[in-house]
Amino acid sequence: MIVVTTPYLTGNRIVESKGQVFGLVVRSRGLAGNLAAFFRSLVGGEIHEYTSLLEDTRRQAMDRMVQNATVIGANAVISFRFDSSELGGSMSEIVAYGTAVVVEPDASATTPVFE
(Lines give C-alpha, C1' and ligand atoms only; values in the text may rest on other atoms or scores of the structure.)
Protein backbone atom coordinates (compact mmCIF):
# COMPACT_ATOMS: atom_id res chain seq x y z
CA MET A 1 0.00 0.00 0.00
CA ILE A 2 1.37 3.39 -1.02
CA VAL A 3 0.63 6.13 1.52
CA VAL A 4 1.49 9.76 0.72
CA THR A 5 0.71 13.14 2.26
CA THR A 6 0.27 14.76 -1.15
CA PRO A 7 -3.07 14.85 -3.06
CA TYR A 8 -1.38 13.12 -6.03
CA LEU A 9 1.13 10.35 -6.65
CA THR A 10 3.86 11.28 -9.11
CA GLY A 11 4.20 8.85 -12.01
CA ASN A 12 0.74 7.39 -11.35
CA ARG A 13 -2.76 8.16 -12.47
CA ILE A 14 -5.71 7.95 -10.09
CA VAL A 15 -8.27 5.74 -11.81
CA GLU A 16 -10.79 5.50 -8.98
CA SER A 17 -11.47 7.19 -5.67
CA LYS A 18 -12.77 4.83 -3.00
CA GLY A 19 -13.45 7.51 -0.39
CA GLN A 20 -12.20 8.44 3.04
CA VAL A 21 -10.49 5.86 5.23
CA PHE A 22 -9.27 6.13 8.79
CA GLY A 23 -7.70 4.18 11.61
CA LEU A 24 -8.53 5.11 15.19
CA VAL A 25 -6.74 4.15 18.41
CA VAL A 26 -7.42 5.32 21.97
CA ARG A 27 -4.73 4.53 24.51
CA SER A 28 -4.10 5.12 28.18
CA ARG A 29 -0.79 4.79 29.97
CA GLY A 30 -0.81 2.41 32.95
CA LEU A 31 -0.27 3.60 36.52
CA ALA A 32 3.43 2.65 36.55
CA GLY A 33 4.04 4.48 33.27
CA ASN A 34 2.21 7.56 34.52
CA LEU A 35 4.27 7.61 37.73
CA ALA A 36 7.54 7.23 35.83
CA ALA A 37 6.50 10.02 33.45
CA PHE A 38 5.48 12.26 36.37
CA PHE A 39 8.86 11.90 38.09
CA ARG A 40 10.73 12.41 34.81
CA SER A 41 8.73 15.61 34.18
CA LEU A 42 10.00 17.03 37.47
CA VAL A 43 13.55 17.13 36.13
CA GLY A 44 12.62 18.08 32.57
CA GLY A 45 13.57 16.61 29.23
CA GLU A 46 11.89 14.09 26.99
CA ILE A 47 9.36 11.80 28.61
CA HIS A 48 10.31 8.53 26.93
CA GLU A 49 7.30 6.65 28.31
CA TYR A 50 4.89 8.92 26.45
CA THR A 51 7.03 9.19 23.32
CA SER A 52 7.08 5.41 22.98
CA LEU A 53 3.34 5.18 23.64
CA LEU A 54 2.49 7.77 20.98
CA GLU A 55 4.87 6.29 18.39
CA ASP A 56 3.30 2.86 18.83
CA THR A 57 -0.20 4.34 18.76
CA ARG A 58 0.45 6.27 15.52
CA ARG A 59 1.88 3.16 13.90
CA GLN A 60 -1.18 1.14 14.92
CA ALA A 61 -3.60 3.85 13.69
CA MET A 62 -1.82 3.94 10.33
CA ASP A 63 -1.92 0.12 10.08
CA ARG A 64 -5.67 0.18 10.74
CA MET A 65 -6.17 2.86 8.07
CA VAL A 66 -4.22 0.75 5.55
CA GLN A 67 -6.32 -2.31 6.45
CA ASN A 68 -9.52 -0.31 5.85
CA ALA A 69 -8.21 0.92 2.49
CA THR A 70 -7.30 -2.63 1.49
CA VAL A 71 -10.76 -3.94 2.39
CA ILE A 72 -12.44 -1.45 0.03
CA GLY A 73 -10.08 -2.30 -2.84
CA ALA A 74 -7.64 0.63 -2.80
CA ASN A 75 -3.94 0.31 -3.54
CA ALA A 76 -2.95 3.77 -2.26
CA VAL A 77 -3.93 6.45 0.24
CA ILE A 78 -3.40 10.09 -0.69
CA SER A 79 -3.64 13.24 1.45
CA PHE A 80 -2.64 11.20 4.51
CA ARG A 81 -2.76 12.97 7.89
CA PHE A 82 -2.70 12.31 11.64
CA ASP A 83 -4.90 13.99 14.22
CA SER A 84 -4.78 13.60 17.97
CA SER A 85 -6.65 14.68 21.03
CA GLU A 86 -6.82 13.99 24.73
CA LEU A 87 -9.80 12.25 26.29
CA GLY A 88 -10.63 12.46 29.95
CA GLY A 89 -7.21 13.78 30.89
CA SER A 90 -5.61 10.32 30.85
CA MET A 91 -6.19 8.94 27.36
CA SER A 92 -4.87 9.85 23.94
CA GLU A 93 -6.85 9.44 20.74
CA ILE A 94 -4.87 9.15 17.49
CA VAL A 95 -6.58 9.11 14.09
CA ALA A 96 -4.79 8.38 10.82
CA TYR A 97 -6.88 9.37 7.80
CA GLY A 98 -6.72 9.97 4.07
CA THR A 99 -8.41 9.28 0.76
CA ALA A 100 -8.30 5.72 -0.53
CA VAL A 101 -7.68 5.48 -4.27
CA VAL A 102 -6.78 3.05 -6.99
CA VAL A 103 -3.72 4.16 -8.95
CA GLU A 104 -1.92 2.76 -11.93
CA PRO A 105 1.51 3.65 -13.28
CA ASP A 106 1.44 6.31 -15.99
CA ALA A 107 4.75 7.57 -17.33
CA SER A 108 3.02 10.59 -18.86
CA ALA A 109 1.53 11.67 -15.51
CA THR A 110 3.17 14.87 -14.37
CA THR A 111 3.43 16.43 -10.96
CA PRO A 112 0.83 19.21 -10.61
CA VAL A 113 2.22 22.74 -10.54
CA PHE A 114 0.68 24.92 -7.84
CA GLU A 115 1.05 28.66 -8.35
# chains A, B, ... in the order shown; residues from 1 in each chain; ligands from 1
call {"tool": "residues_around", "arguments": {"residues": "range 86-98 of chain A", "least_positions_apart": "4", "cutoff": "8 Å", "atoms": "only C-alpha atoms", "output": "PyMOL selection string"}}
result
chain A and resi 20-29+57-58+61-62+65+77-82
call {"tool": "select_by_dssp", "arguments": {"residues": "chain A", "states": "alpha helix (DSSP H)", "output": "number ranges by chain"}}
result
A: 31-43, 48-71
call {"tool": "closest_residue", "arguments": {"among": "A:Ala69, A:Leu54, A:Val102, A:Ile47", "to": "Asn12 in chain A", "atoms": "only C-alpha atoms"}}
result
A:Val102
call {"tool": "select_by_dssp", "arguments": {"residues": "chain A", "states": "strand (DSSP E or B)", "output": "PyMOL selection string"}}
result
chain A and resi 2-3+12-28+76-87+91-105
call {"tool": "closest_residue", "arguments": {"among": "A:Val101, A:Asp56, A:Lys18, A:Tyr8", "to": "Ala76 in chain A", "atoms": "only C-alpha atoms"}}
result
A:Val101
call {"tool": "residues_around", "arguments": {"residues": "range 106-108 of chain A", "least_positions_apart": "4", "cutoff": "10 Å", "atoms": "only C-alpha atoms", "output": "VMD selection string"}}
result
chain A and resid 10 to 14
call {"tool": "residues_around", "arguments": {"residues": "Glu16 in chain A", "least_positions_apart": "4", "cutoff": "10 Å", "atoms": "only C-alpha atoms", "output": "JSON, numbers by chain"}}
result
{"A": [73, 74, 100, 101, 102, 103, 104]}
call {"tool": "atom_distance", "arguments": {"atom1": "CA of Ile2 in chain A", "atom2": "CA of Ser84 in chain A"}}
result
22.4 Å
